>>> print(open('coords.tsv').read())   # TSV, C-alpha atoms
chain	number	residue	atom	x	y	z
Y	1	MET	CA	331.16	-64.29	88.24
Y	2	GLU	CA	334.05	-66.15	86.62
Y	3	ASN	CA	333.47	-67.37	83.10
Y	4	HIS	CA	334.29	-71.00	82.41
Y	5	THR	CA	334.84	-72.80	79.13
Y	6	TYR	CA	334.07	-76.48	78.64
Y	7	ALA	CA	334.83	-79.15	76.07
Y	8	LEU	CA	331.81	-81.41	75.57
Y	9	VAL	CA	332.78	-84.88	74.39
Y	10	GLY	CA	330.47	-87.56	73.04
Y	11	ASN	CA	331.89	-91.06	73.48
Y	12	TRP	CA	330.83	-93.43	70.72
Y	13	ARG	CA	330.99	-97.16	70.14
Y	14	ILE	CA	328.59	-99.67	68.61
Y	15	GLN	CA	329.89	-102.59	70.67
Y	16	ASP	CA	329.29	-103.12	74.38
Y	17	GLY	CA	331.48	-101.15	76.76
Y	18	THR	CA	331.65	-97.81	78.54
Y	19	LYS	CA	330.57	-94.80	76.47
Y	20	GLY	CA	328.73	-91.73	77.71
Y	21	PHE	CA	328.88	-87.94	77.64
Y	22	SER	CA	331.92	-86.23	79.20
Y	23	VAL	CA	332.54	-82.63	80.22
Y	24	TYR	CA	336.08	-81.22	80.34
Y	25	SER	CA	337.36	-77.91	81.61
Y	26	TYR	CA	339.03	-76.14	78.69
Y	27	ASP	CA	341.68	-73.41	78.71
Y	28	MET	CA	341.18	-71.21	75.64
Y	29	GLU	CA	344.70	-69.80	75.91
Y	30	THR	CA	346.68	-73.06	76.05
Y	31	SER	CA	344.11	-75.61	74.78
Y	32	HIS	CA	344.67	-77.66	77.96
Y	33	MET	CA	341.68	-79.74	79.06
Y	34	GLU	CA	340.81	-81.90	82.06
Y	35	CYS	CA	337.82	-84.19	82.53
Y	36	ILE	CA	335.29	-83.03	85.12
Y	37	HIS	CA	332.90	-85.97	84.91
Y	38	THR	CA	331.04	-88.40	82.65
Y	39	ILE	CA	327.34	-89.24	82.68
Y	40	LEU	CA	325.11	-91.70	80.79
Y	41	GLU	CA	327.84	-94.31	80.31
Y	42	HIS	CA	325.37	-96.59	78.51
Y	43	VAL	CA	324.76	-94.01	75.75
Y	44	SER	CA	326.70	-94.18	72.46
Y	45	VAL	CA	326.83	-90.50	71.49
Y	46	GLY	CA	326.83	-90.52	67.70
Y	47	MET	CA	326.61	-86.73	67.42
Y	48	GLN	CA	325.72	-83.66	69.46
Y	49	TYR	CA	324.28	-80.19	68.90
Y	50	LEU	CA	324.98	-77.39	71.36
Y	51	ASP	CA	322.33	-74.74	72.07
Y	52	GLU	CA	324.75	-72.21	73.52
Y	53	GLU	CA	322.06	-69.78	74.69
Y	54	ARG	CA	320.14	-72.34	76.75
Y	55	GLY	CA	323.20	-74.26	77.84
Y	56	ILE	CA	321.63	-77.46	76.52
Y	57	VAL	CA	323.26	-80.18	74.44
Y	58	TYR	CA	321.17	-82.50	72.28
Y	59	VAL	CA	322.76	-85.89	71.58
Y	60	VAL	CA	321.75	-89.05	69.75
Y	61	ASP	CA	322.18	-92.50	71.27
Y	62	GLU	CA	323.31	-94.40	68.17
Y	63	ARG	CA	321.96	-97.86	68.89
Y	64	GLY	CA	319.90	-100.32	66.91
Y	65	ASP	CA	317.96	-101.89	69.77
Y	66	SER	CA	315.82	-100.04	72.26
Y	67	ARG	CA	316.42	-100.60	75.95
Y	68	GLU	CA	313.23	-102.66	76.21
Y	69	GLN	CA	313.52	-105.01	73.24
Y	70	THR	CA	315.53	-106.23	70.28
Y	71	GLY	CA	314.93	-103.67	67.55
Y	72	GLY	CA	312.96	-100.52	68.13
Y	73	GLY	CA	315.67	-97.97	67.41
Y	74	GLY	CA	317.72	-95.40	69.28
Y	75	TYR	CA	317.13	-92.22	71.26
Y	76	VAL	CA	317.66	-88.48	71.30
Y	77	LEU	CA	318.50	-86.82	74.63
Y	78	ALA	CA	318.58	-83.30	76.06
Y	79	ILE	CA	321.37	-82.55	78.57
Y	80	ARG	CA	321.77	-79.35	80.59
Y	81	ILE	CA	325.27	-78.04	81.39
Y	82	ASP	CA	325.79	-76.01	84.58
Y	83	ARG	CA	327.89	-73.03	83.51
Y	84	GLU	CA	329.28	-72.61	87.03
Y	85	ASN	CA	330.83	-76.05	87.47
Y	86	GLY	CA	330.39	-77.94	84.19
Y	87	HIS	CA	328.16	-80.60	85.67
Y	88	ALA	CA	325.84	-82.23	83.15
Y	89	GLU	CA	322.32	-83.42	83.92
Y	90	LEU	CA	319.84	-85.31	81.74
Y	91	ILE	CA	316.67	-83.29	81.11
Y	92	ASN	CA	314.74	-85.90	79.15
Y	93	GLU	CA	314.96	-88.34	76.26
Y	94	ALA	CA	312.73	-89.67	73.49
Y	95	SER	CA	312.76	-92.62	71.14
Y	96	SER	CA	313.91	-91.65	67.65
Y	97	LEU	CA	311.78	-94.53	66.25
Y	98	LEU	CA	314.49	-95.95	63.97
Y	99	PRO	CA	317.85	-97.74	64.38
Y	100	LYS	CA	321.13	-95.86	64.83
Y	101	PRO	CA	320.26	-92.16	64.94
Y	102	SER	CA	323.43	-90.64	63.55
Y	103	TYR	CA	323.05	-86.84	63.56
Y	104	VAL	CA	320.99	-84.18	65.32
Y	105	TRP	CA	320.39	-80.54	64.43
Y	106	MET	CA	318.37	-77.77	66.07
Y	107	ASP	CA	316.42	-75.48	63.75
Y	108	LYS	CA	317.26	-71.77	63.94
Y	109	SER	CA	313.80	-71.09	65.42
Y	110	ARG	CA	314.89	-73.23	68.40
Y	111	LYS	CA	311.45	-74.82	68.25
Y	112	TYR	CA	312.39	-78.01	66.37
Y	113	LEU	CA	315.00	-80.75	66.52
Y	114	LEU	CA	315.82	-82.87	63.45
Y	115	VAL	CA	317.31	-86.38	63.59
Y	116	VAL	CA	318.52	-88.70	60.80
Y	117	HIS	CA	319.35	-92.41	61.00
Y	118	HIS	CA	322.08	-94.67	59.69
Y	119	LEU	CA	319.89	-97.80	60.01
Y	120	ASN	CA	321.01	-101.43	59.67
Y	121	ASP	CA	321.53	-103.55	56.57
Y	122	TYR	CA	319.35	-106.29	58.03
Y	123	TYR	CA	316.32	-107.60	56.20
Y	124	ILE	CA	313.47	-110.00	56.87
Y	125	ASN	CA	311.58	-112.38	54.59
Y	126	LYS	CA	307.80	-112.32	54.83
Y	127	ILE	CA	305.52	-114.99	53.38
Y	128	VAL	CA	302.77	-113.24	51.47
Y	129	ARG	CA	299.57	-114.38	49.78
Y	130	LYS	CA	299.40	-113.55	46.09
Y	131	GLU	CA	296.32	-112.29	44.26
Y	132	ASP	CA	295.95	-115.67	42.55
Y	133	GLY	CA	295.83	-117.42	45.92
Y	134	GLY	CA	299.39	-118.72	45.78
Y	135	TYR	CA	302.23	-117.89	48.15
Y	136	GLY	CA	305.39	-115.90	47.69
Y	137	SER	CA	308.27	-114.32	49.59
Y	138	GLU	CA	308.70	-110.59	50.20
Y	139	VAL	CA	311.94	-109.02	51.44
Y	140	GLN	CA	311.55	-106.05	53.78
Y	141	TYR	CA	314.18	-103.55	54.96
Y	142	ASP	CA	314.23	-100.78	57.55
Y	143	ASP	CA	312.56	-97.53	56.55
Y	144	GLY	CA	314.81	-94.50	56.48
Y	145	GLY	CA	313.42	-91.40	58.09
Y	146	ILE	CA	314.09	-87.82	59.10
Y	147	VAL	CA	312.29	-87.31	62.39
Y	148	VAL	CA	311.26	-83.83	63.56
Y	149	PHE	CA	310.65	-83.19	67.27
Y	150	ARG	CA	309.08	-80.13	68.82
Y	151	LEU	CA	311.16	-78.42	71.49
Y	152	GLU	CA	309.46	-77.08	74.61
Y	153	GLU	CA	310.18	-73.56	75.86
Y	154	ASP	CA	312.57	-74.93	78.49
Y	155	GLY	CA	314.52	-76.81	75.80
Y	156	SER	CA	313.23	-80.26	76.68
Y	157	ILE	CA	312.33	-82.62	73.83
Y	158	GLY	CA	308.65	-82.66	73.00
Y	159	GLU	CA	306.47	-84.72	70.71
Y	160	ILE	CA	307.26	-85.84	67.17
Y	161	CYS	CA	305.54	-83.54	64.70
Y	162	ASP	CA	306.77	-84.96	61.39
Y	163	VAL	CA	308.54	-87.96	59.89
Y	164	LEU	CA	309.78	-87.88	56.31
Y	165	ILE	CA	310.10	-91.51	55.22
Y	166	VAL	CA	312.94	-92.29	52.81
Y	167	LYS	CA	312.69	-95.66	51.06
Y	168	GLY	CA	315.53	-97.67	49.61
Y	169	GLU	CA	315.64	-98.57	45.94
Y	170	ARG	CA	314.48	-102.18	46.04
Y	171	GLU	CA	315.40	-102.80	42.40
Y	172	ASN	CA	319.04	-101.90	43.15
Y	173	PRO	CA	320.66	-104.15	45.80
Y	174	ASP	CA	323.42	-101.58	46.35
Y	175	HIS	CA	320.81	-98.96	47.29
Y	176	ALA	CA	318.37	-101.19	49.17
Y	177	VAL	CA	318.73	-99.39	52.51
Y	178	PRO	CA	319.11	-95.65	53.17
Y	179	HIS	CA	322.02	-94.69	55.43
Y	180	GLN	CA	321.48	-91.02	56.27
Y	181	HIS	CA	324.63	-89.93	58.06
Y	182	CYS	CA	324.21	-86.20	58.63
Y	183	ILE	CA	321.75	-83.33	58.53
Y	184	LEU	CA	322.56	-79.65	58.90
Y	185	ALA	CA	321.37	-76.22	57.83
Y	186	ASP	CA	323.16	-73.47	55.94
Y	187	SER	CA	324.16	-70.22	57.66
Y	188	THR	CA	320.75	-68.65	56.97
Y	189	GLY	CA	318.99	-71.66	58.49
Y	190	GLU	CA	316.74	-71.99	55.45
Y	191	ILE	CA	318.28	-74.87	53.47
Y	192	TYR	CA	318.92	-78.28	55.02
Y	193	ALA	CA	321.27	-80.86	53.50
Y	194	VAL	CA	321.33	-84.61	54.18
Y	195	CYS	CA	324.06	-87.04	53.09
Y	196	ASP	CA	322.77	-90.55	52.40
Y	197	LYS	CA	325.52	-93.18	52.20
Y	198	GLY	CA	323.12	-95.96	51.29
Y	199	LEU	CA	321.43	-94.26	48.36
Y	200	ASP	CA	324.52	-92.31	47.19
Y	201	LYS	CA	322.58	-89.06	47.19
Y	202	VAL	CA	322.68	-85.62	48.78
Y	203	PHE	CA	319.21	-84.30	49.61
Y	204	THR	CA	318.07	-80.75	50.34
Y	205	PHE	CA	314.98	-79.66	52.31
Y	206	ARG	CA	313.22	-76.75	53.88
Y	207	LEU	CA	311.31	-76.76	57.16
Y	208	ASP	CA	307.83	-75.24	57.28
Y	209	ARG	CA	308.07	-73.68	60.74
Y	210	ASP	CA	304.36	-72.88	60.97
Y	211	LYS	CA	303.41	-76.53	60.49
Y	212	GLY	CA	306.56	-78.26	61.70
Y	213	LYS	CA	306.80	-80.15	58.40
Y	214	LEU	CA	309.75	-80.96	56.14
Y	215	CYS	CA	309.50	-79.90	52.49
Y	216	PRO	CA	311.76	-81.86	50.10
Y	217	LEU	CA	313.61	-79.75	47.53
Y	218	SER	CA	316.20	-81.71	45.54
Y	219	ARG	CA	318.22	-84.90	45.43
Y	220	TYR	CA	321.67	-84.98	43.86
Y	221	PRO	CA	323.02	-88.40	42.80
Y	222	VAL	CA	326.75	-88.85	43.39
Y	223	LYS	CA	328.92	-91.69	42.10
Y	224	ASP	CA	327.50	-95.15	42.85
Y	225	GLY	CA	329.25	-96.70	45.82
Y	226	SER	CA	330.91	-93.44	46.92
Y	227	ALA	CA	328.90	-93.24	50.19
Y	228	PRO	CA	328.60	-89.50	50.93
Y	229	ARG	CA	329.20	-89.21	54.68
Y	230	TYR	CA	329.31	-85.66	56.05
Y	231	CYS	CA	328.82	-82.21	54.60
Y	232	ALA	CA	329.48	-78.62	55.66
Y	233	PHE	CA	328.08	-75.31	54.43
Y	234	HIS	CA	330.19	-72.23	53.81
Y	235	PRO	CA	329.48	-69.64	56.55
Y	236	GLY	CA	328.78	-66.79	54.16
Y	237	LYS	CA	328.35	-68.06	50.61
Y	238	PRO	CA	325.97	-70.59	49.00
Y	239	PHE	CA	328.49	-73.46	48.90
Y	240	LEU	CA	328.21	-76.99	50.25
Y	241	PHE	CA	331.17	-79.34	50.72
Y	242	VAL	CA	330.74	-83.13	50.86
Y	243	ASP	CA	333.16	-85.91	51.78
Y	244	PHE	CA	332.82	-89.65	51.18
Y	245	GLU	CA	333.57	-92.98	52.83
Y	246	GLN	CA	334.35	-94.79	49.58
Y	247	LEU	CA	335.71	-92.02	47.34
Y	248	PRO	CA	338.99	-90.22	48.17
Y	249	GLU	CA	337.68	-86.79	47.20
Y	250	VAL	CA	335.87	-83.75	48.56
Y	251	HIS	CA	333.21	-82.22	46.30
Y	252	SER	CA	332.13	-78.58	46.21
Y	253	PHE	CA	328.59	-77.58	45.26
Y	254	GLN	CA	326.89	-74.28	44.60
Y	255	VAL	CA	323.47	-74.16	46.25
Y	256	ASP	CA	320.51	-72.45	44.58
Y	257	MET	CA	318.94	-70.81	47.62
Y	258	ALA	CA	315.54	-70.62	45.96
Y	259	SER	CA	315.20	-74.19	44.69
Y	260	GLY	CA	317.75	-76.06	46.80
Y	261	GLU	CA	319.31	-77.49	43.64
Y	262	LEU	CA	323.00	-78.40	43.81
Y	263	LYS	CA	325.53	-77.69	41.07
Y	264	LEU	CA	328.94	-79.36	41.19
Y	265	VAL	CA	331.72	-76.77	40.99
Y	266	GLY	CA	334.79	-78.82	41.82
Y	267	LYS	CA	336.46	-81.97	43.13
Y	268	ALA	CA	339.60	-82.12	45.25
Y	269	PRO	CA	341.65	-85.15	46.37
Y	270	LEU	CA	342.05	-86.22	49.99
Y	271	ILE	CA	345.78	-86.83	49.65
Y	272	LEU	CA	348.60	-84.83	48.06
Y	273	GLU	CA	350.65	-86.65	45.42
Y	274	GLU	CA	353.76	-86.50	47.61
Y	275	THR	CA	352.02	-87.97	50.67
Y	276	VAL	CA	353.22	-91.54	51.26
Y	277	LEU	CA	350.61	-94.12	52.32
Y	278	PRO	CA	350.82	-97.86	53.03
Y	279	ASP	CA	350.13	-100.05	49.99
Y	280	GLY	CA	346.50	-100.97	49.48
Y	281	ILE	CA	345.08	-98.52	51.99
Y	282	VAL	CA	341.51	-97.33	51.36
Y	283	LEU	CA	340.82	-93.75	52.38
Y	284	TYR	CA	337.73	-93.21	54.56
Y	285	ALA	CA	336.90	-89.57	55.16
Y	286	ALA	CA	335.19	-88.79	58.45
Y	287	ASP	CA	334.35	-85.28	59.65
Y	288	ILE	CA	334.45	-82.10	57.58
Y	289	ILE	CA	334.49	-78.56	58.92
Y	290	VAL	CA	334.81	-75.06	57.46
Y	291	HIS	CA	336.82	-72.35	59.22
Y	292	PRO	CA	334.48	-69.60	60.51
Y	293	LYS	CA	336.18	-67.09	58.20
Y	294	GLY	CA	335.19	-69.25	55.22
Y	295	THR	CA	338.75	-69.44	53.92
Y	296	TYR	CA	339.84	-72.97	54.91
Y	297	LEU	CA	338.33	-76.44	55.12
Y	298	TYR	CA	339.45	-79.47	57.16
Y	299	VAL	CA	338.71	-83.18	56.70
Y	300	SER	CA	339.67	-86.05	59.01
Y	301	ILE	CA	340.72	-89.34	57.35
Y	302	ARG	CA	340.12	-92.29	59.60
Y	303	ASN	CA	342.21	-95.23	58.40
Y	304	ALA	CA	345.08	-93.02	57.17
Y	305	ASP	CA	344.99	-91.18	60.53
Y	306	MET	CA	345.44	-87.80	58.88
Y	307	ILE	CA	343.82	-84.41	58.56
Y	308	SER	CA	343.64	-82.68	55.18
Y	309	VAL	CA	343.69	-78.89	54.89
Y	310	TYR	CA	342.22	-76.97	51.94
Y	311	ASP	CA	342.02	-73.40	50.71
Y	312	ILE	CA	338.49	-72.41	49.66
Y	313	LYS	CA	338.58	-70.43	46.42
Y	314	GLU	CA	336.19	-67.65	45.42
Y	315	ASP	CA	334.11	-70.00	43.26
Y	316	GLY	CA	333.81	-72.58	46.05
Y	317	SER	CA	336.34	-75.02	44.61
Y	318	LEU	CA	339.09	-76.36	46.87
Y	319	ARG	CA	342.88	-76.52	46.81
Y	320	LEU	CA	344.46	-79.22	48.95
Y	321	LYS	CA	347.61	-77.88	50.61
Y	322	GLN	CA	348.41	-80.03	53.65
Y	323	ASN	CA	348.18	-83.61	54.92
Y	324	ILE	CA	349.20	-83.86	58.56
Y	325	SER	CA	349.20	-86.77	60.97
Y	326	ALA	CA	346.11	-86.63	63.18
Y	327	GLY	CA	348.25	-87.47	66.21
Y	328	GLY	CA	346.19	-90.56	67.05
Y	329	ILE	CA	344.35	-93.52	65.56
Y	330	ASP	CA	340.90	-93.25	63.96
Y	331	PRO	CA	340.30	-89.46	63.91
Y	332	ARG	CA	336.54	-88.95	63.82
Y	333	GLY	CA	335.22	-85.62	65.10
Y	334	LEU	CA	336.58	-82.11	64.44
Y	335	CYS	CA	335.91	-78.83	66.22
Y	336	ILE	CA	337.34	-75.32	65.85
Y	337	THR	CA	337.49	-73.36	69.09
Y	338	PRO	CA	335.45	-70.12	69.35
Y	339	ASP	CA	338.60	-67.97	69.25
Y	340	GLU	CA	339.58	-69.76	65.99
Y	341	ARG	CA	343.05	-70.57	67.34
Y	342	TYR	CA	342.80	-74.34	67.70
Y	343	LEU	CA	341.35	-77.33	65.89
Y	344	LEU	CA	340.44	-80.25	68.16
Y	345	VAL	CA	340.20	-83.85	66.91
Y	346	THR	CA	338.79	-86.94	68.62
Y	347	HIS	CA	340.67	-90.22	68.18
Y	348	VAL	CA	338.32	-93.16	68.72
Y	349	ARG	CA	340.76	-96.07	68.88
Y	350	THR	CA	343.54	-94.39	70.86
Y	351	ALA	CA	340.87	-92.89	73.15
Y	352	ASP	CA	342.24	-89.37	73.26
Y	353	ILE	CA	341.70	-85.82	72.03
Y	354	GLY	CA	344.33	-83.96	70.05
Y	355	SER	CA	344.85	-80.21	69.70
Y	356	PHE	CA	346.27	-78.41	66.65
Y	357	ARG	CA	347.26	-74.76	66.42
Y	358	ILE	CA	345.68	-73.09	63.38
Y	359	MET	CA	348.34	-70.94	61.69
Y	360	GLU	CA	347.65	-67.70	59.83
Y	361	ASP	CA	347.53	-69.55	56.51
Y	362	GLY	CA	345.10	-72.15	57.90
Y	363	MET	CA	347.69	-74.91	58.11
Y	364	LEU	CA	347.94	-77.00	61.27
Y	365	THR	CA	350.64	-77.64	63.85
Y	366	LEU	CA	350.16	-80.31	66.52
Y	367	THR	CA	350.43	-79.00	70.08
Y	368	GLU	CA	351.47	-80.91	73.18
Y	369	GLU	CA	348.04	-80.41	74.72
Y	370	GLY	CA	345.17	-82.87	74.60
Y	371	ALA	CA	343.47	-85.32	76.91
Y	372	GLN	CA	342.62	-88.95	77.44
Y	373	ALA	CA	338.99	-89.93	76.88
Y	374	ILE	CA	336.75	-92.98	76.98
Y	375	ARG	CA	336.08	-93.40	73.26
Y	376	PRO	CA	335.63	-89.90	71.85
Y	377	GLY	CA	333.64	-89.50	68.65
Y	378	ASN	CA	332.60	-85.83	68.64
Y	379	ILE	CA	333.45	-82.63	70.51
Y	380	ARG	CA	332.08	-79.10	70.96
Y	381	ILE	CA	333.26	-76.09	72.97
Y	382	MET	CA	330.86	-74.26	75.30
Y	383	GLU	CA	331.80	-70.83	76.63
Y	384	GLY	CA	330.62	-69.80	80.09
>>> encode(input="coords.tsv", output="structure tokens")
Amino acid sequence: MENHTYALVGNWRIQDGTKGFSVYSYDMETSHMECIHTILEHVSVGMQYLDEERGIVYVVDERGDSREQTGGGGYVLAIRIDRENGHAELINEASSLLPKPSYVWMDKSRKYLLVVHHLNDYYINKIVRKEDGGYGSEVQYDDGGIVVFRLEEDGSIGEICDVLIVKGERENPDHAVPHQHCILADSTGEIYAVCDKGLDKVFTFRLDRDKGKLCPLSRYPVKDGSAPRYCAFHPGKPFLFVDFEQLPEVHSFQVDMASGELKLVGKAPLILEETVLPDGIVLYAADIIVHPKGTYLYVSIRNADMISVYDIKEDGSLRLKQNISAGGIDPRGLCITPDERYLLVTHVRTADIGSFRIMEDGMLTLTEEGAQAIRPGNIRIMEG
């Protein structure tokens, strides 16, 4: 039986228009890719998680309104990939309960699926009766929440077994609404990290696998207004790296594996001093990914349309050594191929996928390969 390799592309947009989940054939030798087909064109794929063993991809439909009503939140979906021909088929879906599910992660036990939500900034005013009999006004915002689903033996999405509610800080208008943008586990699968743009905090958790319950560990406050977006764990050491939407830096943390506490060990800029940028540009970091060898780190920068390359030092601190054009507009998602030869980047606004050769020193060189896409926001590689 011939082995096939596929590029799995989640197309993302908040506005109306074609989106969906696309499967491409992928040549590991040349990095050439061609689209096989697209399904679920109504789904805005905010993020995906690939269960390689089952051949199942879990994706979030990042929408604020359910399909039945205004409000009601988004969805999480399970999609099976046929290894023979790359055809994708929806297994099932479930409401995530809250608006704009933004990230999905499967626990190492393969029994649970965790989803976080970006939410909206909307609010409502409620007229309330006071204790003295008078009337007043109460402002209410969306609840933030990490939702835990059980996974059935066949990989389909089961019932919700836990929801960890995260409230905004009502006394601080800048932190009124949580905006949890990512959730992922370290290489041991024991420590989870969540970046919350709305509260300017990085949270850590454990998952009680016997009960299917989340156990909060720590919360690390970053600079007000910095909006921590995505994070990535080191593959072999207790380090966590965080980028930001409103702060042109990448921060390195040492993780206490017993308590989950974070200790800042370094800050690195997004841009080298010699890199020339247009006047007045604000740097918005997007994805962040660590090389499987643990020696290099890559960050996409959306409005500068660049990728930054870092050396990871022994103590977890970073050294920025390259800024390279992303090869398209609005680079969002990054992926390193299983053979560690190429870095793939999705360009949302130019609707294409770029391919970079990873050199021996970790630096990048743009190749001539790539592909057109609908509106690509994230990408993963599945080997046959």
>>> residues_around(input="coords.tsv", residues="Val23 in chain Y", least_positions_apart="6", cutoff="8 Å", atoms="only C-alpha atoms", output="ChimeraX atom specification")
/Y:6-9,35-38,86-88
>>> closest_atom_pairs(input="coords.tsv", of="range 132-222 of chain Y", to="range 52-63 of chain Y", cutoff="9 Å", atoms="only C-alpha atoms", output="tab-separated table")
residue	atom	partner	partner_atom	distance
Y:Asp154	CA	Y:Arg54	CA	8.2
Y:Gly155	CA	Y:Ile56	CA	7.2
Y:Ser156	CA	Y:Ile56	CA	8.9
Y:Ile157	CA	Y:Tyr58	CA	9.0
>>> atom_distance(input="coords.tsv", atom1="CA of Val202 in chain Y", atom2="CA of Tyr220 in chain Y")
5.1 Å
>>> residues_around(input="coords.tsv", residues="range 332-345 of chain Y", least_positions_apart="2", cutoff="7 Å", atoms="all atoms listed in the file", output="MDAnalysis selection string")
chainID Y and resid 286:287 289 300 302 330 347:348 353:358 377:381
>>> residues_around(input="coords.tsv", residues="Phe233 in chain Y", least_positions_apart="5", cutoff="6 Å", atoms="only C-alpha atoms", output="list in words")
Asp186, Phe239 and Leu240 of chain Y
>>> closest_residue(input="coords.tsv", among="Y:Pro228, Y:Phe253, Y:Asp82, Y:Ile91", to="Met382 in chain Y", atoms="only C-alpha atoms")
Y:Asp82
>>> closest_residue(input="coords.tsv", among="Y:Tyr103, Y:Asp208, Y:Gly225, Y:Asp279", to="Val194 in chain Y", atoms="all atoms listed in the file")
Y:Tyr103
>>> closest_residue(input="coords.tsv", among="Y:Glu29, Y:Asp16, Y:Glu261, Y:Glu314", to="Arg219 in chain Y", atoms="only C-alpha atoms")
Y:Glu261
>>> residues_around(input="coords.tsv", residues="range 144-149 of chain Y", least_positions_apart="5", cutoff="9 Å", atoms="only C-alpha atoms", output="VMD selection string")
chain Y and resid 96 to 98 111 to 119 157 to 168 177 to 180 183 212 to 214
>>> residues_around(input="coords.tsv", residues="Val282 in chain Y", least_positions_apart="2", cutoff="8 Å", atoms="only C-alpha atoms", output="PyMOL selection string")
chain Y and resi 246+280+284+303
>>> closest_residue(input="coords.tsv", among="Y:Arg80, Y:His175, Y:Lys237, Y:Arg209", to="Asp256 in chain Y", atoms="only C-alpha atoms")
Y:Lys237
>>> closest_residue(input="coords.tsv", among="Y:Gly64, Y:Pro101, Y:Gly316, Y:Gly362", to="Val76 in chain Y", atoms="only C-alpha atoms")
Y:Pro101
>>> atom_distance(input="coords.tsv", atom1="CA of His181 in chain Y", atom2="CA of Glu138 in chain Y")
27.2 Å
>>> atom_distance(input="coords.tsv", atom1="CA of Gly71 in chain Y", atom2="CA of Tyr230 in chain Y")
25.8 Å
>>> closest_residue(input="coords.tsv", among="Y:Gly260, Y:Pro173, Y:Gly266, Y:Pro248", to="Arg319 in chain Y", atoms="all atoms listed in the file")
Y:Gly266
